[in-house]
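Reproduced below: entry.pdb, with PDB, C-alpha atoms.
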```pdb
ATOM      1  CA  MET A   1    -110.604-110.291 110.380
ATOM      2  CA  LYS A   2    -109.093-113.072 112.523
ATOM      3  CA  LYS A   3    -105.927-113.044 110.389
ATOM      4  CA  LEU A   4    -105.660-109.275 110.915
ATOM      5  CA  LEU A   5    -105.986-109.701 114.700
ATOM      6  CA  VAL A   6    -103.242-112.350 114.650
ATOM      7  CA  VAL A   7    -100.964-110.000 112.700
ATOM      8  CA  TYR A   8    -101.640-107.190 115.211
ATOM      9  CA  ALA A   9    -100.924-109.525 118.114
ATOM     10  CA  LEU A  10     -97.625-110.638 116.559
ATOM     11  CA  LEU A  11     -96.631-107.030 115.970
ATOM     12  CA  ILE A  12     -97.406-106.111 119.601
ATOM     13  CA  ILE A  13     -95.380-109.083 120.908
ATOM     14  CA  ALA A  14     -92.469-108.174 118.640
ATOM     15  CA  PHE A  15     -92.565-104.579 119.881
ATOM     16  CA  LEU A  16     -92.628-105.676 123.524
ATOM     17  CA  LEU A  17     -89.667-107.994 122.959
ATOM     18  CA  TYR A  18     -87.766-105.161 121.268
ATOM     19  CA  LEU A  19     -88.591-102.782 124.113
ATOM     20  CA  LYS A  20     -87.404-105.314 126.710
ATOM     21  CA  ASP A  21     -84.152-105.875 124.802
ATOM     22  CA  PHE A  22     -83.631-102.110 124.431
ATOM     23  CA  GLN A  23     -84.169-101.488 128.151
ATOM     24  CA  SER A  24     -81.781-104.320 128.998
ATOM     25  CA  HIS A  25     -79.165-102.850 126.645
ATOM     26  CA  GLU A  26     -79.611 -99.368 128.185
ATOM     27  CA  ALA A  27     -79.251-100.735 131.717
ATOM     28  CA  THR A  28     -76.088-102.622 130.738
ATOM     29  CA  THR A  29     -74.681 -99.540 129.005
ATOM     30  CA  ASN A  30     -75.364 -97.324 132.060
ATOM     31  CA  LEU A  31     -73.841 -99.929 134.358
ATOM     32  CA  ASN A  32     -70.738-100.159 132.182
ATOM     33  CA  GLU A  33     -70.441 -96.378 132.118
ATOM     34  CA  THR A  34     -70.646 -96.296 135.932
ATOM     35  CA  LYS A  35     -68.079 -99.046 136.235
ATOM     36  CA  GLY A  36     -65.816 -97.180 133.820
ATOM     37  CA  LEU A  37     -64.651 -94.737 136.519
ATOM     38  CA  GLN A  38     -62.576 -97.306 138.361
ATOM     39  CA  GLY A  39     -59.017 -97.466 139.652
ATOM     40  CA  GLN A  40     -56.795-100.383 140.574
ATOM     41  CA  VAL A  41     -56.569-102.172 143.917
ATOM     42  CA  ASP A  42     -52.836-101.319 144.112
ATOM     43  CA  GLU A  43     -53.763 -97.622 143.860
ATOM     44  CA  LYS A  44     -53.417 -96.442 147.472
ATOM     45  CA  TYR A  45     -54.807 -93.239 149.001
ATOM     46  CA  VAL A  46     -53.927 -92.184 152.547
ATOM     47  CA  MET A  47     -55.743 -90.078 155.134
ATOM     48  CA  VAL A  48     -53.552 -88.284 157.709
ATOM     49  CA  THR A  49     -54.911 -86.660 160.888
ATOM     50  CA  PHE A  50     -53.823 -85.851 164.449
ATOM     51  CA  GLN A  51     -55.100 -87.290 167.739
ATOM     52  CA  ALA A  52     -55.652 -90.531 165.834
ATOM     53  CA  GLY A  53     -58.337 -92.851 167.111
ATOM     54  CA  THR A  54     -60.715 -90.197 168.468
ATOM     55  CA  ASP A  55     -64.383 -90.640 167.593
ATOM     56  CA  TYR A  56     -64.462 -87.484 165.491
ATOM     57  CA  TRP A  57     -62.468 -89.047 162.649
ATOM     58  CA  LYS A  58     -64.592 -92.199 162.354
ATOM     59  CA  LYS A  59     -67.296 -90.784 160.110
ATOM     60  CA  ILE A  60     -64.769 -88.919 157.939
ATOM     61  CA  LEU A  61     -62.821 -92.151 157.490
ATOM     62  CA  LYS A  62     -66.074 -93.975 156.648
ATOM     63  CA  GLY A  63     -66.698 -91.499 153.810
ATOM     64  CA  PHE A  64     -63.106 -91.984 152.617
ATOM     65  CA  GLU A  65     -63.520 -95.782 152.687
ATOM     66  CA  ASP A  66     -66.908 -95.661 150.947
ATOM     67  CA  ALA A  67     -65.421 -93.627 148.100
ATOM     68  CA  GLY A  68     -62.470 -96.028 147.899
ATOM     69  CA  GLN A  69     -64.807 -98.993 147.595
ATOM     70  CA  ALA A  70     -66.866 -97.269 144.889
ATOM     71  CA  LEU A  71     -63.726 -96.425 142.909
ATOM     72  CA  ASN A  72     -62.065 -99.822 143.490
ATOM     73  CA  VAL A  73     -58.941 -98.371 145.161
ATOM     74  CA  SER A  74     -57.175 -99.037 148.461
ATOM     75  CA  VAL A  75     -57.198 -96.642 151.422
ATOM     76  CA  GLU A  76     -55.124 -96.287 154.588
ATOM     77  CA  TYR A  77     -55.401 -94.150 157.708
ATOM     78  CA  HIS A  78     -52.469 -92.697 159.668
ATOM     79  CA  GLY A  79     -52.305 -90.000 162.315
ATOM     80  CA  ALA A  80     -50.284 -88.438 165.077
ATOM     81  CA  SER A  81     -51.278 -90.101 168.344
ATOM     82  CA  GLN A  82     -51.137 -86.821 170.284
ATOM     83  CA  TYR A  83     -52.019 -83.191 169.641
ATOM     84  CA  ASP A  84     -48.451 -82.544 168.491
ATOM     85  CA  VAL A  85     -47.285 -80.604 165.420
ATOM     86  CA  LYS A  86     -43.899 -82.317 165.154
ATOM     87  CA  GLU A  87     -45.452 -85.758 165.372
ATOM     88  CA  GLN A  88     -47.908 -85.008 162.577
ATOM     89  CA  ILE A  89     -45.088 -83.688 160.370
ATOM     90  CA  THR A  90     -43.178 -86.941 160.993
ATOM     91  CA  VAL A  91     -46.222 -89.049 160.122
ATOM     92  CA  LEU A  92     -46.828 -87.035 156.935
ATOM     93  CA  GLU A  93     -43.188 -87.372 155.845
ATOM     94  CA  GLN A  94     -43.354 -91.147 156.393
ATOM     95  CA  VAL A  95     -46.485 -91.331 154.238
ATOM     96  CA  ILE A  96     -44.870 -89.252 151.455
ATOM     97  CA  ALA A  97     -41.842 -91.583 151.456
ATOM     98  CA  ARG A  98     -44.142 -94.492 150.605
ATOM     99  CA  LYS A  99     -45.346 -92.616 147.478
ATOM    100  CA  PRO A 100     -49.109 -93.162 147.694
ATOM    101  CA  SER A 101     -51.475 -92.182 144.887
ATOM    102  CA  GLY A 102     -52.797 -89.275 146.956
ATOM    103  CA  ILE A 103     -52.991 -87.837 150.478
ATOM    104  CA  ALA A 104     -55.922 -86.281 152.352
ATOM    105  CA  LEU A 105     -54.644 -84.213 155.280
ATOM    106  CA  SER A 106     -56.243 -82.439 158.232
ATOM    107  CA  ALA A 107     -53.613 -79.879 159.255
ATOM    108  CA  ILE A 108     -52.988 -79.470 162.972
ATOM    109  CA  HIS A 109     -51.476 -75.998 162.356
ATOM    110  CA  PRO A 110     -52.241 -73.388 159.651
ATOM    111  CA  ASP A 111     -48.665 -73.058 158.373
ATOM    112  CA  ALA A 112     -46.310 -75.470 160.184
ATOM    113  CA  LEU A 113     -46.957 -78.218 157.625
ATOM    114  CA  ASP A 114     -46.511 -76.057 154.503
ATOM    115  CA  VAL A 115     -42.962 -77.235 153.718
ATOM    116  CA  THR A 116     -43.967 -80.892 154.076
ATOM    117  CA  ILE A 117     -47.008 -80.329 151.852
ATOM    118  CA  PHE A 118     -44.633 -78.838 149.249
ATOM    119  CA  LYS A 119     -42.623 -82.085 149.446
ATOM    120  CA  ALA A 120     -45.689 -84.114 148.513
ATOM    121  CA  ILE A 121     -46.392 -81.897 145.497
ATOM    122  CA  ASP A 122     -42.721 -82.048 144.455
ATOM    123  CA  ALA A 123     -42.932 -85.846 144.612
ATOM    124  CA  GLY A 124     -45.928 -85.776 142.252
ATOM    125  CA  ILE A 125     -48.395 -86.813 144.964
ATOM    126  CA  PRO A 126     -51.763 -85.005 144.884
ATOM    127  CA  ILE A 127     -52.688 -83.659 148.314
ATOM    128  CA  VAL A 128     -55.956 -82.118 149.503
ATOM    129  CA  LEU A 129     -56.842 -80.681 152.891
ATOM    130  CA  PHE A 130     -59.995 -81.440 154.825
ATOM    131  CA  ASP A 131     -61.492 -80.384 158.173
ATOM    132  CA  SER A 132     -58.612 -78.019 159.104
ATOM    133  CA  ASP A 133     -56.953 -75.911 156.420
ATOM    134  CA  ALA A 134     -53.402 -74.721 155.756
ATOM    135  CA  PRO A 135     -54.459 -71.755 153.591
ATOM    136  CA  LYS A 136     -50.977 -70.652 152.455
ATOM    137  CA  SER A 137     -49.857 -74.113 151.383
ATOM    138  CA  ASN A 138     -49.996 -75.366 147.802
ATOM    139  CA  ALA A 139     -52.412 -78.205 148.587
ATOM    140  CA  TYR A 140     -54.914 -78.534 145.760
ATOM    141  CA  THR A 141     -58.050 -77.610 147.706
ATOM    142  CA  PHE A 142     -59.828 -77.584 151.073
ATOM    143  CA  ILE A 143     -62.916 -79.706 151.734
ATOM    144  CA  GLY A 144     -64.800 -78.989 154.944
ATOM    145  CA  THR A 145     -66.919 -76.599 156.960
ATOM    146  CA  ASN A 146     -66.965 -72.893 156.165
ATOM    147  CA  ASN A 147     -65.810 -72.219 159.707
ATOM    148  CA  VAL A 148     -66.247 -68.442 159.669
ATOM    149  CA  ASN A 149     -69.916 -68.948 158.814
ATOM    150  CA  ALA A 150     -70.172 -71.706 161.422
ATOM    151  CA  GLY A 151     -68.811 -69.348 164.074
ATOM    152  CA  GLY A 152     -71.442 -66.830 163.035
ATOM    153  CA  THR A 153     -74.165 -69.469 163.395
ATOM    154  CA  ALA A 154     -72.886 -70.314 166.884
ATOM    155  CA  ALA A 155     -73.083 -66.615 167.802
ATOM    156  CA  HIS A 156     -76.713 -66.393 166.657
ATOM    157  CA  GLU A 157     -77.618 -69.541 168.601
ATOM    158  CA  LEU A 158     -75.940 -68.394 171.818
ATOM    159  CA  ALA A 159     -77.464 -64.909 171.492
ATOM    160  CA  HIS A 160     -80.900 -66.524 171.218
ATOM    161  CA  PHE A 161     -80.373 -68.641 174.337
ATOM    162  CA  ILE A 162     -79.252 -65.668 176.499
ATOM    163  CA  ASN A 163     -81.920 -63.284 175.149
ATOM    164  CA  ARG A 164     -79.338 -61.144 173.305
ATOM    165  CA  ASN A 165     -77.882 -59.708 176.473
ATOM    166  CA  GLY A 166     -75.057 -60.471 178.905
ATOM    167  CA  LYS A 167     -71.496 -61.708 179.214
ATOM    168  CA  VAL A 168     -70.164 -64.631 177.192
ATOM    169  CA  ALA A 169     -66.815 -66.368 176.731
ATOM    170  CA  VAL A 170     -65.118 -68.626 174.196
ATOM    171  CA  VAL A 171     -62.922 -71.693 174.779
ATOM    172  CA  THR A 172     -60.939 -72.675 171.706
ATOM    173  CA  ILE A 173     -57.604 -73.943 170.310
ATOM    174  CA  PRO A 174     -55.664 -70.836 169.226
ATOM    175  CA  ASN A 175     -53.270 -72.356 166.645
ATOM    176  CA  GLN A 176     -55.551 -74.520 164.498
ATOM    177  CA  GLN A 177     -57.055 -72.937 161.381
ATOM    178  CA  ASN A 178     -60.604 -74.255 161.731
ATOM    179  CA  GLN A 179     -60.718 -73.037 165.346
ATOM    180  CA  ILE A 180     -59.268 -69.643 164.384
ATOM    181  CA  SER A 181     -61.966 -69.232 161.733
ATOM    182  CA  ARG A 182     -64.779 -70.249 164.090
ATOM    183  CA  LEU A 183     -63.602 -67.727 166.667
ATOM    184  CA  LYS A 184     -63.392 -65.023 163.980
ATOM    185  CA  GLY A 185     -66.941 -65.678 162.788
ATOM    186  CA  PHE A 186     -68.259 -65.707 166.348
ATOM    187  CA  GLN A 187     -66.511 -62.494 167.391
ATOM    188  CA  GLU A 188     -67.467 -60.568 164.254
ATOM    189  CA  THR A 189     -71.116 -61.587 164.520
ATOM    190  CA  ILE A 190     -71.372 -60.658 168.198
ATOM    191  CA  GLU A 191     -69.600 -57.329 167.684
ATOM    192  CA  ASN A 192     -71.599 -56.362 164.595
ATOM    193  CA  GLN A 193     -75.064 -57.634 165.471
ATOM    194  CA  TYR A 194     -75.400 -57.957 169.265
ATOM    195  CA  PRO A 195     -74.321 -54.709 170.990
ATOM    196  CA  ASP A 196     -75.666 -55.848 174.374
ATOM    197  CA  ILE A 197     -73.498 -58.972 174.472
ATOM    198  CA  GLU A 198     -69.930 -58.685 175.781
ATOM    199  CA  ILE A 199     -67.198 -61.265 175.129
ATOM    200  CA  VAL A 200     -65.260 -61.209 178.413
ATOM    201  CA  GLY A 201     -62.729 -63.942 177.694
ATOM    202  CA  VAL A 202     -61.196 -66.132 174.975
ATOM    203  CA  LYS A 203     -59.316 -69.045 176.527
ATOM    204  CA  ASP A 204     -57.242 -71.997 175.319
ATOM    205  CA  GLY A 205     -58.807 -75.358 176.181
ATOM    206  CA  LYS A 206     -56.053 -77.259 174.343
ATOM    207  CA  GLY A 207     -58.636 -79.609 172.826
ATOM    208  CA  ASP A 208     -58.686 -81.472 176.144
ATOM    209  CA  GLN A 209     -61.728 -82.200 178.330
ATOM    210  CA  LEU A 210     -59.965 -81.806 181.679
ATOM    211  CA  VAL A 211     -58.148 -78.621 180.676
ATOM    212  CA  SER A 212     -61.354 -77.124 179.280
ATOM    213  CA  GLU A 213     -63.258 -78.046 182.437
ATOM    214  CA  GLN A 214     -60.739 -76.158 184.582
ATOM    215  CA  VAL A 215     -60.694 -73.191 182.174
ATOM    216  CA  VAL A 216     -64.483 -72.890 182.434
ATOM    217  CA  ILE A 217     -64.378 -73.188 186.235
ATOM    218  CA  ASP A 218     -61.849 -70.335 186.265
ATOM    219  CA  LEU A 219     -64.009 -68.245 183.927
ATOM    220  CA  LEU A 220     -67.094 -68.725 186.085
ATOM    221  CA  THR A 221     -65.109 -67.878 189.216
ATOM    222  CA  GLU A 222     -63.855 -64.678 187.634
ATOM    223  CA  HIS A 223     -67.219 -63.845 186.009
ATOM    224  CA  PRO A 224     -69.995 -65.331 188.182
ATOM    225  CA  ASP A 225     -72.578 -63.525 186.038
ATOM    226  CA  LEU A 226     -71.369 -65.225 182.822
ATOM    227  CA  LYS A 227     -74.426 -66.207 180.789
ATOM    228  CA  GLY A 228     -73.010 -68.185 177.873
ATOM    229  CA  ILE A 229     -69.986 -70.060 176.494
ATOM    230  CA  PHE A 230     -69.067 -71.057 172.956
ATOM    231  CA  LEU A 231     -66.764 -74.066 172.658
ATOM    232  CA  THR A 232     -65.183 -74.360 169.220
ATOM    233  CA  GLU A 233     -64.599 -78.136 169.456
ATOM    234  CA  ALA A 234     -66.175 -81.184 171.101
ATOM    235  CA  ASN A 235     -63.737 -81.907 173.948
ATOM    236  CA  GLY A 236     -64.136 -78.337 175.121
ATOM    237  CA  GLY A 237     -67.910 -78.701 175.081
ATOM    238  CA  VAL A 238     -67.831 -81.813 177.262
ATOM    239  CA  GLY A 239     -65.364 -80.150 179.650
ATOM    240  CA  ALA A 240     -67.580 -77.068 179.897
ATOM    241  CA  GLY A 241     -70.614 -79.259 180.581
ATOM    242  CA  ARG A 242     -68.815 -80.984 183.435
ATOM    243  CA  ALA A 243     -67.731 -77.621 184.843
ATOM    244  CA  VAL A 244     -71.233 -76.116 184.982
ATOM    245  CA  ILE A 245     -72.610 -79.319 186.527
ATOM    246  CA  LYS A 246     -69.838 -79.299 189.153
ATOM    247  CA  LEU A 247     -70.610 -75.646 190.011
ATOM    248  CA  LYS A 248     -74.376 -76.267 189.867
ATOM    249  CA  LYS A 249     -74.724 -73.656 187.120
ATOM    250  CA  ASP A 250     -75.998 -75.964 184.377
ATOM    251  CA  LYS A 251     -79.383 -74.188 184.392
ATOM    252  CA  ASP A 252     -77.876 -70.693 184.332
ATOM    253  CA  VAL A 253     -75.023 -70.900 181.815
ATOM    254  CA  LYS A 254     -75.922 -71.628 178.195
ATOM    255  CA  ILE A 255     -73.415 -73.670 176.192
ATOM    256  CA  VAL A 256     -73.057 -73.942 172.421
ATOM    257  CA  SER A 257     -70.551 -76.550 171.277
ATOM    258  CA  PHE A 258     -69.269 -78.277 168.148
ATOM    259  CA  ASP A 259     -69.589 -81.795 166.694
ATOM    260  CA  THR A 260     -71.643 -84.852 167.625
ATOM    261  CA  ASP A 261     -69.642 -87.390 169.605
ATOM    262  CA  LYS A 262     -71.762 -89.393 172.073
ATOM    263  CA  GLN A 263     -70.741 -87.413 175.165
ATOM    264  CA  THR A 264     -71.785 -84.172 173.484
ATOM    265  CA  LEU A 265     -75.088 -85.630 172.303
ATOM    266  CA  ASP A 266     -75.806 -86.938 175.808
ATOM    267  CA  MET A 267     -75.266 -83.441 177.214
ATOM    268  CA  VAL A 268     -77.520 -81.913 174.555
ATOM    269  CA  LYS A 269     -80.229 -84.441 175.408
ATOM    270  CA  ALA A 270     -79.842 -83.695 179.125
ATOM    271  CA  GLY A 271     -79.994 -79.923 178.487
ATOM    272  CA  THR A 272     -76.480 -79.231 179.787
ATOM    273  CA  ILE A 273     -75.437 -78.150 176.272
ATOM    274  CA  GLU A 274     -78.142 -76.110 174.532
ATOM    275  CA  ALA A 275     -76.902 -76.750 170.997
ATOM    276  CA  THR A 276     -74.025 -78.221 169.069
ATOM    277  CA  LEU A 277     -73.054 -77.790 165.421
ATOM    278  CA  ALA A 278     -72.899 -80.987 163.368
ATOM    279  CA  GLN A 279     -70.462 -80.949 160.456
ATOM    280  CA  GLY A 280     -70.714 -82.816 157.152
ATOM    281  CA  THR A 281     -67.965 -85.186 158.218
ATOM    282  CA  TRP A 282     -68.807 -88.125 155.939
ATOM    283  CA  SER A 283     -68.768 -85.749 152.959
ATOM    284  CA  MET A 284     -65.290 -84.498 153.937
ATOM    285  CA  GLY A 285     -63.875 -88.005 153.604
ATOM    286  CA  TYR A 286     -65.915 -88.988 150.565
ATOM    287  CA  TRP A 287     -65.079 -85.934 148.483
ATOM    288  CA  SER A 288     -61.438 -85.862 149.601
ATOM    289  CA  LEU A 289     -60.872 -89.258 148.005
ATOM    290  CA  ASN A 290     -62.867 -88.366 144.905
ATOM    291  CA  TYR A 291     -60.805 -85.209 144.371
ATOM    292  CA  LEU A 292     -57.572 -87.196 144.823
ATOM    293  CA  PHE A 293     -58.742 -89.853 142.376
ATOM    294  CA  TYR A 294     -59.684 -87.283 139.721
ATOM    295  CA  LEU A 295     -56.352 -85.509 140.200
ATOM    296  CA  ASN A 296     -54.356 -88.732 140.014
ATOM    297  CA  HIS A 297     -56.135 -89.737 136.797
ATOM    298  CA  GLY A 298     -55.766 -86.336 135.145
ATOM    299  CA  LEU A 299     -59.531 -85.720 135.116
ATOM    300  CA  ILE A 300     -59.196 -82.198 136.550
ATOM    301  CA  LYS A 301     -57.313 -79.471 134.721
ATOM    302  CA  LEU A 302     -54.797 -77.702 136.970
ATOM    303  CA  PRO A 303     -52.749 -74.499 136.635
ATOM    304  CA  SER A 304     -49.305 -75.018 135.104
ATOM    305  CA  ASP A 305     -47.627 -73.615 138.231
ATOM    306  CA  PRO A 306     -47.340 -76.486 140.753
ATOM    307  CA  TYR A 307     -46.839 -73.984 143.584
ATOM    308  CA  ALA A 308     -50.021 -72.043 142.872
ATOM    309  CA  GLN A 309     -52.425 -71.667 145.776
ATOM    310  CA  ASN A 310     -56.173 -72.281 145.542
ATOM    311  CA  LYS A 311     -55.810 -74.475 142.448
ATOM    312  CA  LEU A 312     -59.355 -75.811 142.830
ATOM    313  CA  PRO A 313     -62.514 -74.337 144.386
ATOM    314  CA  LYS A 314     -62.975 -75.079 148.066
ATOM    315  CA  MET A 315     -65.945 -77.252 149.046
ATOM    316  CA  ASP A 316     -68.191 -76.276 151.957
ATOM    317  CA  THR A 317     -69.617 -79.486 153.456
ATOM    318  CA  GLY A 318     -72.114 -77.601 155.625
ATOM    319  CA  ILE A 319     -73.371 -77.620 159.223
ATOM    320  CA  THR A 320     -76.615 -78.437 161.054
ATOM    321  CA  VAL A 321     -77.699 -77.115 164.445
ATOM    322  CA  VAL A 322     -78.438 -79.987 166.862
ATOM    323  CA  THR A 323     -80.709 -79.338 169.851
ATOM    324  CA  LYS A 324     -82.998 -81.431 172.060
ATOM    325  CA  LYS A 325     -85.546 -81.428 169.224
ATOM    326  CA  ASN A 326     -83.402 -83.391 166.758
ATOM    327  CA  VAL A 327     -80.616 -84.897 168.867
ATOM    328  CA  ASP A 328     -81.984 -88.471 168.765
ATOM    329  CA  SER A 329     -81.481 -88.709 165.006
ATOM    330  CA  TYR A 330     -77.727 -88.111 165.439
ATOM    331  CA  TYR A 331     -77.143 -91.115 167.705
ATOM    332  CA  ALA A 332     -77.821 -93.474 164.783
ATOM    333  CA  GLU A 333     -74.962 -91.957 162.814
TER     334      GLU A 333
END
```
Structure re-expressed in structure tokens:
Amino acid sequence: MKKLLVVYALLIIAFLLYLKDFQSHEATTNLNETKGLQGQVDEKYVMVTFQAGTDYWKKILKGFEDAGQALNVSVEYHGASQYDVKEQITVLEQVIARKPSGIALSAIHPDALDVTIFKAIDAGIPIVLFDSDAPKSNAYTFIGTNNVNAGGTAAHELAHFINRNGKVAVVTIPNQQNQISRLKGFQETIENQYPDIEIVGVKDGKGDQLVSEQVVIDLLTEHPDLKGIFLTEANGGVGAGRAVIKLKKDKDVKIVSFDTDKQTLDMVKAGTIEATLAQGTWSMGYWSLNYLFYLNHGLIKLPSDPYAQNKLPKMDTGITVVTKKNVDSYYAE
């Protein structure tokens, strides 16, 4: 009986040793498979924006850098210093001349960069758009917010805050695709679902806090009974907040803005801005680099026509409504 127990014990030990070795082998195999999707350090991917250095781009760039680190490739960031179409075209052409492995671009204008985007494709450089689209270009895809839907969400939020009745206005940037789409979604939702709300003005804030502040002061002077304002980008939201505080109307005029820079969050926390829409900015950067990497390594099948539009499905990176209830969680980001 004792001999039998010894045999059983030896068998159990042998099984446990086998199981440990098997698990170790599986872990090593999985690790090797994960490490298999790797590039080279001299493989360089470039992000190109406008108004370089503003807080908005930081989280997008972080996603781009995180993906670069995971894939073992190099990344760079370049952008036009001002809100200037010609400057961004110049920056993009300079980047193309250096022949990077791929370019992620936020287009300042919906069609002004199309010819330059064609140049990148002609040079064999994969290019994807993020944040702001150039829908008629032959860039491989667009990664960012579904801005028509986001505009619709803003309309629902503002309608709620003004009890579905009254005059509202919009301050936007008229020649940037993401802003155009947000305005479209807002207008269509108000017109189709809120018959007692009237849009009395759509103004250009030029993406500038001081300009937007003056535009809102002018709107409130012309329409003293204005009940709400939708700002399609963050600088406009901050400018509008300053305007209603200056006119002592911060309790009367409801503001819905976009994005989550610190000044906007501070105004949400103070109640000057009722709500702002947070975008999936980190995801824009992260997936832009992943798409470029897959394209550069031939891991995605493309149409044979290099000038085809909408080669790949667009990716909606989503939005979240930020109010006083959840604003504190956005400071940590």
On this structure, which residues satisfy the PyMOL selection byres ((chain A and resi 90-94) around 7), written as a PDB file with C-alpha atoms, keeping the file's coordinate frame?
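Saved to selection17.pdb:
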```pdb
ATOM      1  CA  VAL A  48     -53.552 -88.284 157.709  1.00  0.00           C
ATOM      2  CA  GLY A  79     -52.305 -90.000 162.315  1.00  0.00           C
ATOM      3  CA  ALA A  80     -50.284 -88.438 165.077  1.00  0.00           C
ATOM      4  CA  LYS A  86     -43.899 -82.317 165.154  1.00  0.00           C
ATOM      5  CA  GLU A  87     -45.452 -85.758 165.372  1.00  0.00           C
ATOM      6  CA  GLN A  88     -47.908 -85.008 162.577  1.00  0.00           C
ATOM      7  CA  ILE A  89     -45.088 -83.688 160.370  1.00  0.00           C
ATOM      8  CA  VAL A  95     -46.485 -91.331 154.238  1.00  0.00           C
ATOM      9  CA  ILE A  96     -44.870 -89.252 151.455  1.00  0.00           C
ATOM     10  CA  ALA A  97     -41.842 -91.583 151.456  1.00  0.00           C
ATOM     11  CA  ARG A  98     -44.142 -94.492 150.605  1.00  0.00           C
ATOM     12  CA  THR A 116     -43.967 -80.892 154.076  1.00  0.00           C
TER      13      THR A 116
END
```
Query raised in the report: If you apply the PyMOL selection byres ((chain A and resi 246) around 12) to this file, what residues do you get, as an MDAnalysis selection string?
Result: chainID A and resid 213:214 216:217 220 239:245 247:251 272
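With distances taken over all atoms listed in the file, A:Pro126 is the one residue among A:Pro174, A:Pro126, A:Gly63, A:Gly207 lying closest to A:Ile300.
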**Report entry** Polymer residues at most 12 Å from A:Val170, all atoms listed in the file, same-chain spacing of 2 or more positions, as a ChimeraX atom specification
**Finding:** /A:151,154-155,158,167-168,172-174,179-180,182-187,190,198-205,212,215-216,219,226-233,236-237,240,254-257
Requested in this report: I would like the residues chosen by the PyMOL selection byres ((chain A and resi 38) around 6) on the shown file; could you give them as a list in words?
Outcome: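 After applying the PyMOL selection byres ((chain A and resi 38) around 6), what remains is Gly36, Leu37, Gly39, Leu71 and Asn72 of chain A.
Residues lying within 9 Å of A:Thr153, counting all atoms listed in the file and ignoring same-chain neighbours fewer than 3 positions away, are Val148, Asn149, Ala150, His156, Glu157, Leu158, Gly185, Phe186, Thr189, Leu277 and Val321 of chain A.
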Query raised in the report: When distances are computed from only C-alpha atoms, which of A:Lys62, A:Ser304, A:Lys314, A:Lys324 shows the smallest separation from A:Asp133?
Result: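 Under the stated criterion, the closest residue is A:Lys314.
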Report summary line: Min atom-atom distance to A:Lys119 from the set A:Lys136, A:His78, A:Lys99, A:Lys44, counting all atoms listed in the file, belongs to A:Lys99
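Of the listed residues A:Leu210, A:Met267, A:Ile197, A:Ile108, the one whose atoms come nearest to A:His160 is A:Ile197, with distances taken using all atoms listed in the file.
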**Report entry** Residue contacts of A:His109 (9 Å, only C-alpha atoms) excluding same-chain residues fewer than 4 positions away, as number ranges by chain
**Finding:** A: 85, 113, 132-134, 175-177
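Atom CA of A:Val238 is positioned 6.2 Å from atom CA of A:Gln209.
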Quick one: axis-aligned box around all listed atoms of stretch 161-174 of chain A, 8 Å on every side, centre and edge lengths in Å to one decimal, written as lines of an AutoDock Vina configuration file.
```
center_x = -68.8
center_y = -66.8
center_z = 174.2
size_x = 42.3
size_y = 30.2
size_z = 26.0
```
